[in-house]
Structures are given as structure tokens and as C-alpha cells.
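Trainee: So here's target-v2.tsv (TSV, C-alpha atoms).
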chain	number	residue	atom	x	y	z
A	1	MET	CA	-5.78	11.26	7.15
A	2	PRO	CA	-7.52	10.04	10.33
A	3	SER	CA	-5.53	8.91	13.33
A	4	ILE	CA	-4.77	5.24	13.85
A	5	GLN	CA	-6.51	5.50	17.22
A	6	GLU	CA	-9.72	6.71	15.56
A	7	CYS	CA	-9.61	3.84	13.06
A	8	GLU	CA	-8.97	1.35	15.86
A	9	SER	CA	-11.82	2.60	18.03
A	10	LEU	CA	-14.47	2.44	15.32
A	11	LEU	CA	-13.26	-0.86	13.90
A	12	ALA	CA	-13.14	-2.50	17.33
A	13	SER	CA	-16.78	-1.59	17.94
A	14	LEU	CA	-17.83	-3.14	14.64
A	15	VAL	CA	-15.72	-6.30	15.02
A	16	LYS	CA	-17.08	-6.88	18.51
A	17	THR	CA	-20.61	-6.70	17.07
A	18	ASN	CA	-21.33	-10.26	15.98
A	19	THR	CA	-22.78	-10.20	12.46
A	20	CYS	CA	-21.57	-13.65	11.42
A	21	GLN	CA	-23.57	-15.71	8.98
A	22	PRO	CA	-25.98	-17.40	8.86
A	23	GLU	CA	-27.82	-15.27	11.43
A	24	GLY	CA	-26.27	-11.96	10.38
A	25	ASN	CA	-28.08	-9.74	12.88
A	26	GLU	CA	-26.97	-6.72	10.85
A	27	ALA	CA	-29.71	-4.60	12.46
A	28	GLN	CA	-27.46	-4.19	15.51
A	29	ALA	CA	-24.58	-3.07	13.27
A	30	VAL	CA	-26.86	-0.56	11.55
A	31	ARG	CA	-27.74	0.93	14.95
A	32	LEU	CA	-24.04	1.12	15.74
A	33	VAL	CA	-23.22	2.89	12.46
A	34	LEU	CA	-26.05	5.37	13.02
A	35	GLY	CA	-24.41	6.27	16.33
A	36	MET	CA	-21.06	6.86	14.62
A	37	ILE	CA	-22.23	9.42	12.07
A	38	PRO	CA	-23.24	13.07	12.52
A	39	LYS	CA	-26.82	13.83	13.46
A	40	GLY	CA	-29.22	15.28	10.91
A	41	LEU	CA	-28.14	13.27	7.88
A	42	GLU	CA	-30.74	11.69	5.61
A	43	THR	CA	-30.80	7.99	6.46
A	44	HIS	CA	-32.83	5.09	5.11
A	45	VAL	CA	-32.98	1.84	7.07
A	46	LEU	CA	-34.16	-1.03	4.88
A	47	HIS	CA	-35.58	-4.06	6.68
A	48	ASP	CA	-34.39	-6.97	4.54
A	49	ALA	CA	-35.53	-9.76	6.91
A	50	PRO	CA	-36.10	-10.07	10.66
A	51	GLY	CA	-32.99	-8.71	12.37
A	52	ARG	CA	-31.34	-8.08	9.03
A	53	ASP	CA	-31.19	-4.43	8.00
A	54	SER	CA	-29.32	-2.40	5.42
A	55	LEU	CA	-28.56	1.31	5.64
A	56	VAL	CA	-28.40	3.98	2.94
A	57	ILE	CA	-27.15	7.46	3.88
A	58	ARG	CA	-27.72	10.28	1.39
A	59	VAL	CA	-25.72	13.50	1.29
A	60	PRO	CA	-27.50	15.73	-1.24
A	61	GLY	CA	-25.49	17.56	-3.88
A	62	LEU	CA	-26.23	20.45	-6.18
A	63	GLU	CA	-27.12	17.85	-8.82
A	64	LYS	CA	-28.83	14.53	-8.08
A	65	GLU	CA	-27.80	13.16	-11.47
A	66	GLY	CA	-24.29	11.79	-11.67
A	67	ALA	CA	-24.38	10.64	-8.06
A	68	LEU	CA	-21.61	8.66	-6.35
A	69	ALA	CA	-22.13	5.63	-4.09
A	70	PHE	CA	-19.73	4.02	-1.64
A	71	LEU	CA	-20.73	0.38	-1.17
A	72	GLY	CA	-19.97	-1.88	1.79
A	73	HIS	CA	-21.53	-4.77	3.71
A	74	LEU	CA	-22.02	-5.40	7.43
A	75	ASP	CA	-22.20	-9.20	7.64
A	76	ASP	CA	-19.30	-11.60	8.14
A	77	VAL	CA	-18.76	-15.23	7.24
A	78	ALA	CA	-19.00	-17.77	10.06
A	79	LEU	CA	-16.02	-18.24	12.36
A	80	GLY	CA	-15.24	-21.63	10.79
A	81	ALA	CA	-14.32	-24.96	12.34
A	82	ALA	CA	-10.59	-24.29	12.74
A	83	ALA	CA	-9.43	-22.93	16.09
A	84	TRP	CA	-8.33	-19.28	16.18
A	85	SER	CA	-5.13	-18.28	17.98
A	86	VAL	CA	-6.95	-15.17	19.27
A	87	PRO	CA	-10.57	-14.63	20.38
A	88	PRO	CA	-12.26	-13.94	17.01
A	89	LEU	CA	-14.64	-11.23	18.27
A	90	ASP	CA	-12.36	-9.42	20.73
A	91	ALA	CA	-10.72	-7.05	18.18
A	92	LEU	CA	-7.26	-7.72	19.58
A	93	VAL	CA	-4.55	-5.33	18.28
A	94	ARG	CA	-0.88	-6.29	17.98
A	95	ASP	CA	1.72	-4.01	16.39
A	96	GLY	CA	-0.86	-1.96	14.51
A	97	VAL	CA	-2.78	-5.02	13.25
A	98	MET	CA	-6.32	-5.82	14.37
A	99	TYR	CA	-7.42	-9.45	14.51
A	100	GLY	CA	-11.02	-10.57	14.32
A	101	ARG	CA	-13.72	-11.95	12.10
A	102	GLY	CA	-14.78	-9.27	9.65
A	103	SER	CA	-11.81	-7.00	10.39
A	104	CYS	CA	-10.64	-7.31	6.79
A	105	ASP	CA	-13.84	-8.43	5.06
A	106	MET	CA	-15.05	-5.86	5.33
A	107	LYS	CA	-15.51	-3.82	8.46
A	108	GLY	CA	-12.22	-2.07	7.77
A	109	GLY	CA	-13.80	-0.75	4.59
A	110	ASP	CA	-16.96	0.17	6.51
A	111	VAL	CA	-14.88	2.25	8.91
A	112	ALA	CA	-13.16	4.03	6.02
A	113	MET	CA	-16.62	4.85	4.63
A	114	ILE	CA	-17.81	6.17	8.00
A	115	LEU	CA	-14.73	8.35	8.40
A	116	ALA	CA	-15.11	9.68	4.86
A	117	LEU	CA	-18.75	10.54	5.61
A	118	ARG	CA	-17.70	12.34	8.78
A	119	HIS	CA	-15.15	14.31	6.76
A	120	LEU	CA	-17.73	15.24	4.15
A	121	ALA	CA	-20.20	16.43	6.78
A	122	ALA	CA	-17.51	18.39	8.64
A	123	THR	CA	-16.58	20.44	5.58
A	124	GLY	CA	-19.96	22.16	5.69
A	125	ARG	CA	-19.88	22.26	1.90
A	126	MET	CA	-22.25	20.69	-0.57
A	127	PRO	CA	-20.86	18.21	-3.10
A	128	ALA	CA	-21.46	18.95	-6.75
A	129	HIS	CA	-23.36	15.66	-7.04
A	130	THR	CA	-25.24	13.62	-4.45
A	131	VAL	CA	-23.21	11.06	-2.50
A	132	TYR	CA	-24.55	7.83	-0.99
A	133	PHE	CA	-22.99	5.60	1.65
A	134	VAL	CA	-24.50	2.11	1.46
A	135	PHE	CA	-24.12	-0.60	4.12
A	136	THR	CA	-25.83	-3.86	3.16
A	137	SER	CA	-26.83	-7.08	4.89
A	138	ASP	CA	-26.25	-10.63	3.70
A	139	GLU	CA	-23.52	-10.00	1.14
A	140	GLU	CA	-21.80	-13.25	2.11
A	141	ARG	CA	-24.79	-15.42	1.16
A	142	ASP	CA	-27.80	-14.40	-0.89
A	143	GLY	CA	-27.42	-10.63	-1.23
A	144	LEU	CA	-30.71	-9.77	0.50
A	145	GLY	CA	-29.49	-6.27	1.29
A	146	VAL	CA	-28.15	-5.16	-2.06
A	147	ARG	CA	-31.15	-6.65	-3.85
A	148	HIS	CA	-33.41	-4.56	-1.60
A	149	VAL	CA	-31.30	-1.45	-2.19
A	150	ALA	CA	-31.46	-1.97	-5.97
A	151	ARG	CA	-35.25	-2.42	-5.85
A	152	SER	CA	-35.72	0.63	-3.63
A	153	GLY	CA	-34.73	3.06	-6.39
A	154	LEU	CA	-32.65	5.08	-3.93
A	155	LEU	CA	-29.57	4.78	-6.14
A	156	ASP	CA	-31.25	5.32	-9.50
A	157	HIS	CA	-29.21	8.50	-10.18
A	158	VAL	CA	-25.85	6.90	-9.36
A	159	THR	CA	-23.27	6.84	-12.17
A	160	GLN	CA	-20.15	6.00	-10.12
A	161	VAL	CA	-19.75	3.21	-7.54
A	162	ILE	CA	-16.77	2.60	-5.26
A	163	VAL	CA	-16.86	-0.85	-3.66
A	164	CYS	CA	-14.86	-0.71	-0.43
A	165	GLU	CA	-13.93	-4.42	-0.26
A	166	PRO	CA	-10.26	-5.28	0.45
A	167	THR	CA	-8.12	-4.91	-2.68
A	168	SER	CA	-4.57	-5.34	-1.33
A	169	GLY	CA	-3.55	-1.72	-1.80
A	170	ARG	CA	-4.65	-1.51	-5.42
A	171	LEU	CA	-7.58	-0.42	-7.58
A	172	ALA	CA	-9.60	-3.21	-9.15
A	173	ARG	CA	-11.60	-2.31	-12.21
A	174	CYS	CA	-13.16	-5.72	-12.75
A	175	GLU	CA	-14.39	-8.83	-10.95
A	176	LYS	CA	-15.28	-12.31	-12.11
A	177	GLY	CA	-18.87	-13.47	-12.28
A	178	ALA	CA	-20.23	-16.61	-10.67
A	179	LEU	CA	-22.88	-19.09	-11.72
A	180	TRP	CA	-23.71	-21.91	-9.32
A	181	LEU	CA	-25.73	-24.85	-10.60
A	182	HIS	CA	-27.47	-27.58	-8.65
A	183	VAL	CA	-27.86	-30.71	-10.76
A	184	ILE	CA	-29.90	-33.76	-9.84
A	185	VAL	CA	-29.19	-36.79	-12.03
A	186	ARG	CA	-31.96	-39.38	-12.20
A	187	GLY	CA	-30.92	-42.75	-13.61
A	188	LYS	CA	-32.07	-46.26	-12.74
A	189	GLN	CA	-30.97	-48.23	-9.71
A	190	SER	CA	-29.88	-51.85	-10.17
A	191	HIS	CA	-27.94	-54.63	-8.51
A	192	GLY	CA	-24.17	-54.14	-8.71
A	193	ALA	CA	-23.88	-57.57	-10.33
A	194	TYR	CA	-26.14	-56.45	-13.19
A	195	PRO	CA	-25.06	-52.90	-14.01
A	196	GLU	CA	-26.44	-53.23	-17.54
A	197	GLU	CA	-29.93	-53.35	-16.03
A	198	GLY	CA	-29.55	-49.87	-14.57
A	199	ALA	CA	-28.39	-46.41	-15.53
A	200	ASN	CA	-25.59	-45.33	-13.19
A	201	ALA	CA	-26.30	-41.78	-12.02
A	202	ILE	CA	-22.61	-41.31	-11.15
A	203	ASP	CA	-21.47	-42.16	-14.68
A	204	TYR	CA	-24.02	-39.84	-16.23
A	205	GLY	CA	-23.24	-37.11	-13.73
A	206	TYR	CA	-19.59	-37.17	-14.79
A	207	LYS	CA	-20.68	-37.20	-18.41
A	208	LEU	CA	-22.69	-34.02	-17.93
A	209	ILE	CA	-19.81	-32.37	-16.06
A	210	ALA	CA	-17.51	-33.11	-18.99
A	211	GLU	CA	-19.98	-31.72	-21.51
A	212	ALA	CA	-20.65	-28.63	-19.39
A	213	ARG	CA	-16.93	-28.01	-19.05
A	214	SER	CA	-16.55	-28.19	-22.84
A	215	LEU	CA	-19.03	-25.30	-23.09
A	216	ILE	CA	-16.86	-23.00	-20.97
A	217	ASP	CA	-14.56	-20.77	-23.00
A	218	THR	CA	-11.21	-21.44	-21.36
A	219	ALA	CA	-9.22	-20.37	-24.42
A	220	THR	CA	-9.94	-16.69	-23.81
A	221	ARG	CA	-7.69	-15.14	-21.17
A	222	HIS	CA	-8.62	-11.82	-19.59
A	223	PRO	CA	-5.56	-9.66	-18.83
A	224	LEU	CA	-6.64	-9.14	-15.20
A	225	LEU	CA	-9.03	-12.00	-14.47
A	226	GLY	CA	-7.41	-14.96	-16.19
A	227	GLN	CA	-9.69	-17.69	-17.51
A	228	ALA	CA	-13.23	-18.83	-16.92
A	229	SER	CA	-13.60	-22.07	-15.01
A	230	LEU	CA	-15.99	-24.83	-13.99
A	231	SER	CA	-15.41	-26.66	-10.72
A	232	PRO	CA	-17.56	-29.52	-9.36
A	233	THR	CA	-17.82	-28.58	-5.68
A	234	GLY	CA	-20.26	-31.23	-4.52
A	235	PHE	CA	-21.11	-34.79	-5.60
A	236	SER	CA	-23.31	-37.12	-3.58
A	237	ALA	CA	-24.53	-40.52	-4.78
A	238	GLY	CA	-24.80	-44.14	-3.78
A	239	GLY	CA	-24.38	-45.65	-0.36
A	240	ALA	CA	-23.77	-49.35	-0.81
A	241	PRO	CA	-20.99	-51.01	-2.83
A	242	ASN	CA	-23.38	-53.49	-4.46
A	243	ILE	CA	-26.03	-51.04	-5.67
A	244	VAL	CA	-25.79	-49.05	-8.90
A	245	PRO	CA	-27.10	-45.65	-7.79
A	246	GLY	CA	-30.16	-44.23	-9.46
A	247	VAL	CA	-29.74	-40.64	-8.18
A	248	ALA	CA	-26.78	-38.27	-7.92
A	249	ASP	CA	-26.67	-34.74	-6.52
A	250	ILE	CA	-24.05	-32.36	-7.98
A	251	LEU	CA	-22.95	-28.78	-7.30
A	252	LEU	CA	-21.11	-26.82	-9.98
A	253	ASP	CA	-19.25	-23.53	-9.46
A	254	ILE	CA	-18.72	-21.69	-12.75
A	255	ARG	CA	-16.61	-18.51	-12.74
A	256	THR	CA	-17.12	-16.26	-15.73
A	257	LEU	CA	-15.48	-13.34	-17.50
A	258	PRO	CA	-17.14	-10.02	-18.39
A	259	GLY	CA	-19.55	-10.33	-21.28
A	260	THR	CA	-20.54	-13.94	-20.58
A	261	ASP	CA	-24.23	-14.65	-21.19
A	262	HIS	CA	-25.20	-16.64	-18.12
A	263	ALA	CA	-28.70	-17.40	-19.36
A	264	GLY	CA	-27.28	-18.67	-22.65
A	265	LEU	CA	-24.74	-20.83	-20.81
A	266	VAL	CA	-27.43	-22.43	-18.64
A	267	ALA	CA	-29.51	-23.07	-21.74
A	268	ALA	CA	-26.55	-24.75	-23.45
A	269	ILE	CA	-25.90	-26.99	-20.43
A	270	ARG	CA	-29.58	-27.97	-20.34
A	271	ALA	CA	-29.39	-28.75	-24.05
A	272	ALA	CA	-26.39	-31.02	-23.37
A	273	ALA	CA	-28.42	-32.76	-20.66
A	274	ASP	CA	-31.28	-33.24	-23.10
A	275	GLY	CA	-28.85	-34.80	-25.56
A	276	ILE	CA	-27.74	-37.32	-22.95
A	277	HIS	CA	-31.37	-38.11	-22.20
A	278	ARG	CA	-32.06	-38.77	-25.89
A	279	GLN	CA	-29.14	-41.21	-25.94
A	280	ASN	CA	-30.54	-42.99	-22.89
A	281	PRO	CA	-34.16	-42.22	-21.98
A	282	LEU	CA	-33.59	-43.82	-18.55
A	283	VAL	CA	-31.54	-40.75	-17.59
A	284	ALA	CA	-32.92	-37.29	-16.80
A	285	PHE	CA	-31.51	-34.13	-15.25
A	286	ASP	CA	-32.95	-31.36	-13.08
A	287	ILE	CA	-30.74	-28.24	-13.37
A	288	SER	CA	-31.28	-25.06	-11.35
A	289	ALA	CA	-29.19	-21.94	-10.86
A	290	THR	CA	-28.73	-21.19	-7.15
A	291	ASN	CA	-26.46	-18.16	-7.56
A	292	ASP	CA	-26.15	-15.87	-10.57
A	293	ARG	CA	-23.63	-13.02	-10.30
A	294	MET	CA	-22.61	-11.07	-13.36
A	295	ALA	CA	-18.98	-10.18	-14.00
A	296	ILE	CA	-18.15	-6.48	-13.69
A	297	GLU	CA	-15.68	-4.45	-15.74
A	298	THR	CA	-14.92	-0.77	-16.06
A	299	PRO	CA	-12.77	0.05	-19.10
A	300	PRO	CA	-9.31	1.64	-18.87
A	301	GLY	CA	-9.45	5.40	-19.05
A	302	ASP	CA	-12.81	5.67	-17.27
A	303	PRO	CA	-12.96	9.01	-15.36
A	304	LEU	CA	-13.73	7.33	-12.01
A	305	LEU	CA	-10.78	4.99	-12.39
A	306	GLU	CA	-8.40	7.72	-13.53
A	307	ASP	CA	-9.39	10.16	-10.77
A	308	LEU	CA	-8.79	7.49	-8.14
A	309	ARG	CA	-5.54	6.44	-9.79
A	310	ASP	CA	-4.25	10.01	-9.67
A	311	ILE	CA	-4.91	10.23	-5.93
A	312	CYS	CA	-3.32	6.81	-5.34
A	313	GLY	CA	-0.08	8.14	-6.80
A	314	LYS	CA	-0.11	11.00	-4.31
A	315	ILE	CA	-0.70	8.92	-1.17
A	316	GLY	CA	1.47	5.88	-1.83
A	317	LEU	CA	-1.11	3.39	-3.10
A	318	SER	CA	-0.49	1.38	-6.25
A	319	GLN	CA	-1.64	2.90	-9.53
A	320	GLU	CA	-1.52	-0.48	-11.26
A	321	ASP	CA	-4.74	-1.94	-12.70
A	322	SER	CA	-5.99	-5.10	-11.06
A	323	GLY	CA	-9.04	-7.35	-10.94
A	324	VAL	CA	-10.55	-9.63	-8.30
A	325	TYR	CA	-11.60	-13.23	-8.77
A	326	PHE	CA	-14.30	-13.08	-6.09
A	327	TYR	CA	-17.68	-11.43	-6.56
A	328	THR	CA	-19.13	-8.58	-4.50
A	329	ASP	CA	-22.46	-6.82	-4.05
A	330	ALA	CA	-21.62	-4.95	-7.26
A	331	SER	CA	-22.61	-8.10	-9.18
A	332	LEU	CA	-26.21	-7.56	-8.06
A	333	LEU	CA	-26.25	-3.76	-8.00
A	334	MET	CA	-24.67	-2.87	-11.35
A	335	PRO	CA	-27.38	-4.54	-13.50
A	336	SER	CA	-29.76	-1.90	-12.08
A	337	LEU	CA	-27.26	0.85	-13.01
A	338	PRO	CA	-26.40	0.00	-16.63
A	339	ASN	CA	-24.63	3.31	-17.31
A	340	ALA	CA	-22.56	3.42	-14.12
A	341	SER	CA	-18.84	2.84	-13.61
A	342	CYS	CA	-17.57	0.66	-10.78
A	343	VAL	CA	-14.15	0.44	-9.12
A	344	LEU	CA	-13.19	-1.74	-6.16
A	345	ALA	CA	-10.86	0.00	-3.70
A	346	GLY	CA	-10.69	-0.85	-0.03
A	347	PRO	CA	-8.38	-1.54	2.90
A	348	GLY	CA	-6.98	-4.95	3.73
A	349	GLU	CA	-5.44	-7.89	1.93
A	350	SER	CA	-7.93	-9.85	-0.15
A	351	THR	CA	-6.10	-13.11	0.59
A	352	LEU	CA	-7.09	-12.77	4.27
A	353	MET	CA	-10.82	-12.78	3.57
A	354	HIS	CA	-12.69	-15.69	5.20
A	355	THR	CA	-9.53	-17.03	6.85
A	356	THR	CA	-8.84	-18.18	10.39
A	357	ASP	CA	-7.08	-15.38	12.33
A	358	GLU	CA	-8.38	-12.80	9.83
A	359	HIS	CA	-6.72	-9.42	10.39
A	360	ILE	CA	-6.07	-5.99	8.93
A	361	GLU	CA	-3.42	-3.29	9.26
A	362	LEU	CA	-4.98	-0.19	10.78
A	363	GLN	CA	-2.69	1.92	8.59
A	364	SER	CA	-4.50	0.48	5.56
A	365	VAL	CA	-7.85	1.69	6.93
A	366	ALA	CA	-6.40	5.17	7.42
A	367	GLN	CA	-4.83	5.21	3.96
A	368	PHE	CA	-8.03	4.27	2.14
A	369	THR	CA	-9.95	6.81	4.21
A	370	ASP	CA	-7.47	9.35	2.85
A	371	LEU	CA	-8.21	8.13	-0.69
A	372	TYR	CA	-11.97	8.52	-0.19
A	373	THR	CA	-11.77	11.94	1.45
A	374	ARG	CA	-9.44	13.36	-1.20
A	375	PHE	CA	-11.77	12.02	-3.89
A	376	LEU	CA	-14.75	13.67	-2.18
A	377	ASP	CA	-12.84	16.96	-1.82
A	378	GLN	CA	-12.45	17.02	-5.60
A	379	ARG	CA	-16.23	16.73	-5.99
A	380	MET	CA	-17.17	19.74	-3.90
A	381	ALA	CA	-19.30	22.42	-5.50
Go through the file and emit its structure as C-alpha cells.
Mentor:
Amino acid sequence: MPSIQECESLLASLVKTNTCQPEGNEAQAVRLVLGMIPKGLETHVLHDAPGRDSLVIRVPGLEKEGALAFLGHLDDVALGAAAWSVPPLDALVRDGVMYGRGSCDMKGGDVAMILALRHLAATGRMPAHTVYFVFTSDEERDGLGVRHVARSGLLDHVTQVIVCEPTSGRLARCEKGALWLHVIVRGKQSHGAYPEEGANAIDYGYKLIAEARSLIDTATRHPLLGQASLSPTGFSAGGAPNIVPGVADILLDIRTLPGTDHAGLVAAIRAAADGIHRQNPLVAFDISATNDRMAIETPPGDPLLEDLRDICGKIGLSQEDSGVYFYTDASLLMPSLPNASCVLAGPGESTLMHTTDEHIELQSVAQFTDLYTRFLDQRMA
């Protein structure tokens, strides 16, 4: 297990490197990571957008098939409007806890990956199968980095993926999917005294929300992920109390369970909108998907899951199955790896992600580094 001081030093450097959205500037973090790893490794810097880079490090094994990938991201969410009680980019440490934006989500996981890579290189041995360490840009918004990595073909031989996002001391074998819809309702504006002369976009917007919600299977309950859901997260219409609005703008956040056909769900919602239009030709809907993230699930008994679970029992981490309700880069990577297994396992408490005064216990970074290095030791040729 690495020392707490080593974890603190690396994590402080990353937290002090401002990679907050929307700018990201992950290229500076990539340069920092390259300076933290041993010389002579095979590295691939992917330029996702100006100033926004991703990094893939390849450690060749005896076999390229059956490769393993550790997956992390370098960007952070914005600092937020609420005041912090500590400087958010100073990496302040109190009683073994580091405070700072990105400390938990997920630069702590990045540090554990870097330390595991250092361990692998220091052994001087070749793994039985190739190992990749992937650091992406833009995970917190559009996934520019992981999309580029998937298109690059660098990971085409990967059959096991460990996502190093914070999982509260547990292994997560599944994550919910997300489908975000932007709906524009077009009705007919009229005077508030003559509502029958118009078609109120607010009324018809709520009608579509109700019909869309009826299409979500909320009766099925996943043992680790609970139920699917639909939440209206934005609704803008009108502006004057005496005008029936002719246009409404709606945002919908749909969270899905593994196996949900997103394309089929969008088609069904569009069909519901068409039905409303047939009932009142004055009303029309424009519906577009702005975010489409598939749900991920690895079945119980999968070798990756069981090997990690066995190590967890030896180092004091929970062996209990869990799932996460948020999505990760895995939602965009796994469709390109249809035969791969995926487990989320990383330092930090998931409830602290995106919060004011975000922080992480340095002991957690060390403990998950221990998990990764022991797992790699088992894969040596």
C-alpha cells in the first residue's frame, strides 16, 4: 500500500490544477500525469478539442486479447455558486482529509490509477494481458474524451474495465442509464380572456409529460438500482398573465435500468406527441435527445467482479454488491466493447461528488491503490 504522504502529494498537484467545467483545460492535467509516471511507457495523447486532451497509457502483455483497462477522467464540475469554507483549489488537508474541487470526483481515483501504474512498471514483469490506463476529458458534460477513445480503436482488445469513480468503499457492478430530452411545444397564442381561441403550450406540455411518464416502466424494481424515473427538470413558457402562451420549452431527465431500449422509448414518446397533435392540430412538438447514456450491468459471478471481491475481503473493503444511480464514461465506452465486463471501484464517497466543500479521505486513495495493485499482481505472466 502506498504511503499517505505519497497519495497526498500527487492528489494535491492534481487538485491545484484547475480543470473545472466548462473550460476543462485537461491538456494541462495530461502534462502533469505524464510527469508522474515512469519514462519509456507507451502513451497516446488524444486531442479532443482545443486545450482538452485525453491520455491512454498502454502496458503491453504477453497477450493483447483479454486486455484490462482502468478508466478515469480529469475534468471537474464547476465550483458552484455556494461559498466554500475552504479555498476550493488549494488542496487543504485536515486530519487526513483533503478538501478541494475534484478531490473525490475523481482525482482521488486518478491518483490510485497512477500509483497502480507505477507499481506495475516497478515490478519489471510483463502482465499476462495488456493493461491500459485511460484518463479522459469532458466526462462531466458531453464525453468528448471517452467518445474519442472509443473511436480510436486503442481499447478494441479490452474485455475487462475498472471504472475508478468513487463508490463509497464498495464494488458497483451496475449503473443507471440516462436519457435527456429537450421538448419544444408549439401551440397557439391568444388573449387570456379568450383561451378557447388558443392552444395553451403549458397545458399541452404537461399533457405530454404525463403521457411520457406513463411509458416509463416504474413497476420493475432492480435489486441494486431501484426504479426507472422521469423528472421534468426545466419548464419555460409565457411571460404575461393575460397571454395564453403559444410556446413552451421543457427538459426531461429519464433514468433507465439495464436493458432499456432508449431508441424505442424516444419513438414511443414521439408517437404520444403525434397522438396529441391529431387530437388538436394546433399543437406540435419538437423532441430531441441531448444526452443518451446506456445503463451498465455486469452479472453476479463474473470473473472480474469475483476477483475484485476476493481482494476486497483481504484488505477491509466491502464485498457487498452495489450499484450507482449516476452514469460514468462507461456508458459511452461499453457499447464499443460489447463482450467486456465492467465494475466500478474507486476511492471516495459518492455522496460528496459535485458538492460544496468536496473532500476525500487519503486513506481511501491508499486502500483502492492497494486493491488495484493486488489485482494487477494476480495478472502477471
Trainee: List as a PyMOL selection string the protein and nucleic acid residues near Asn280 (chain A), meaning an atom at most 12 Å away when only C-alpha atoms are counted, but skip any in the same chain fewer than 2 places from it.
Mentor: chain A and resi 186-188+198-201+204+273-278+282-285
Trainee: Take CA of Gln367 (chain A) and CA of Val134 (chain A) and report the distance between them in Å, one decimal.
Mentor: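 Between CA of Gln367 (chain A) and CA of Val134 (chain A) the gap is 20.1 Å.
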Trainee: In Å to one decimal, how far is CA of Ala267 (chain A) from CA of Ser236 (chain A)?
Mentor: 23.8 Å
Trainee: CA of Arg147 (chain A) to CA of Arg270 (chain A): how many Å, to one decimal?
Mentor: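 For CA of Arg147 (chain A) relative to CA of Arg270 (chain A), the distance reads 27.0 Å.
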Trainee: Between A:Gly259, A:Pro88, A:Pro335, A:Gly108, which one has atoms that come closest to Cys7 (chain A), using all atoms listed in the file?
Mentor: A:Gly108
Trainee: Residues within 8 Å of region 166-168 of chain A, please, as a list in words. Count all atoms listed in the file; anything in the same chain fewer than 2 positions from it doesn't count.
Mentor: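 Result of the neighbour search: Cys104, Asp105, Met106, Gly109, Cys164, Arg170, Leu171, Ala172, Val324, Leu344, Ala345, Gly346, Pro347, Gly348, Glu349 and Ser350 of chain A.
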Trainee: Using all atoms listed in the file, find each residue of region 152-258 of chain A with at least one atom at most 7 Å away from an atom of region 50-70 of chain A; report its shortest atom-to-atom pair and that distance in Å (one decimal), sort the rows by chain and rising residue number, and return the result as a tab-separated table.
Mentor:
residue	atom	partner	partner_atom	distance
A:His157	CA	A:Glu65	CA	5.0
A:Val158	CA	A:Ala67	CA	4.2
A:Thr159	CA	A:Gly66	CA	5.1
A:Gln160	CA	A:Leu68	CA	4.8
A:Val161	CA	A:Ala69	CA	4.8
A:Ile162	CA	A:Phe70	CA	4.9
A:Val163	CA	A:Phe70	CA	6.0
A:Cys164	CA	A:Phe70	CA	6.9
Trainee: Measuring atom to atom with all atoms listed in the file, identify which of A:Thr218, A:Thr19, A:Gln378, A:Ser85 is nearest to Leu230 (chain A).
Mentor: A:Thr218
Trainee: Counting only C-alpha atoms, which of A:Asp377, A:Ala219, A:Asp307, A:Asp48 gets nearest to His129 (chain A)?
Mentor: A:Asp377
Trainee: Nearest residue to Thr260 (chain A) out of A:Pro299, A:Gly177, A:Gly226, A:Gly238, using all atoms listed in the file?
Mentor: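 For Thr260 (chain A), the nearest of the candidates is A:Gly177.
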Trainee: Of the candidates A:Arg101, A:Arg293, A:His119, A:His44, which one gets nearest to Thr17 (chain A) if we count all atoms listed in the file?
Mentor: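 Checking each candidate against Thr17 (chain A), we get A:Arg101 as the closest.
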Trainee: Which polymer residues have any atom within 12 Å of an atom of His359 (chain A), counting all atoms listed in the file, with same-chain residues fewer than 2 positions away left out, as a VMD selection string?
Mentor: chain A and resid 11 to 12 15 84 to 108 166 347 to 357 361 to 362 364 to 365
Trainee: Pick out the closest residue to Ala272 (chain A) from this set: A:Asp249, A:Glu196, A:Asp142, A:Glu211. Count only C-alpha atoms.
Mentor: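 Looking at the shortest contact to Ala272 (chain A), the residue is A:Glu211.
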Trainee: Produce the centre coordinates and the three edge lengths, each in Å to one decimal, of the box along x, y and z that contains all listed atoms of region 65-81 of chain A with 5 Å added on each side, as JSON.
Mentor:
{"center_x": -21.1, "center_y": -5.9, "center_z": 0.3, "size_x": 23.5, "size_y": 48.1, "size_z": 34.0}
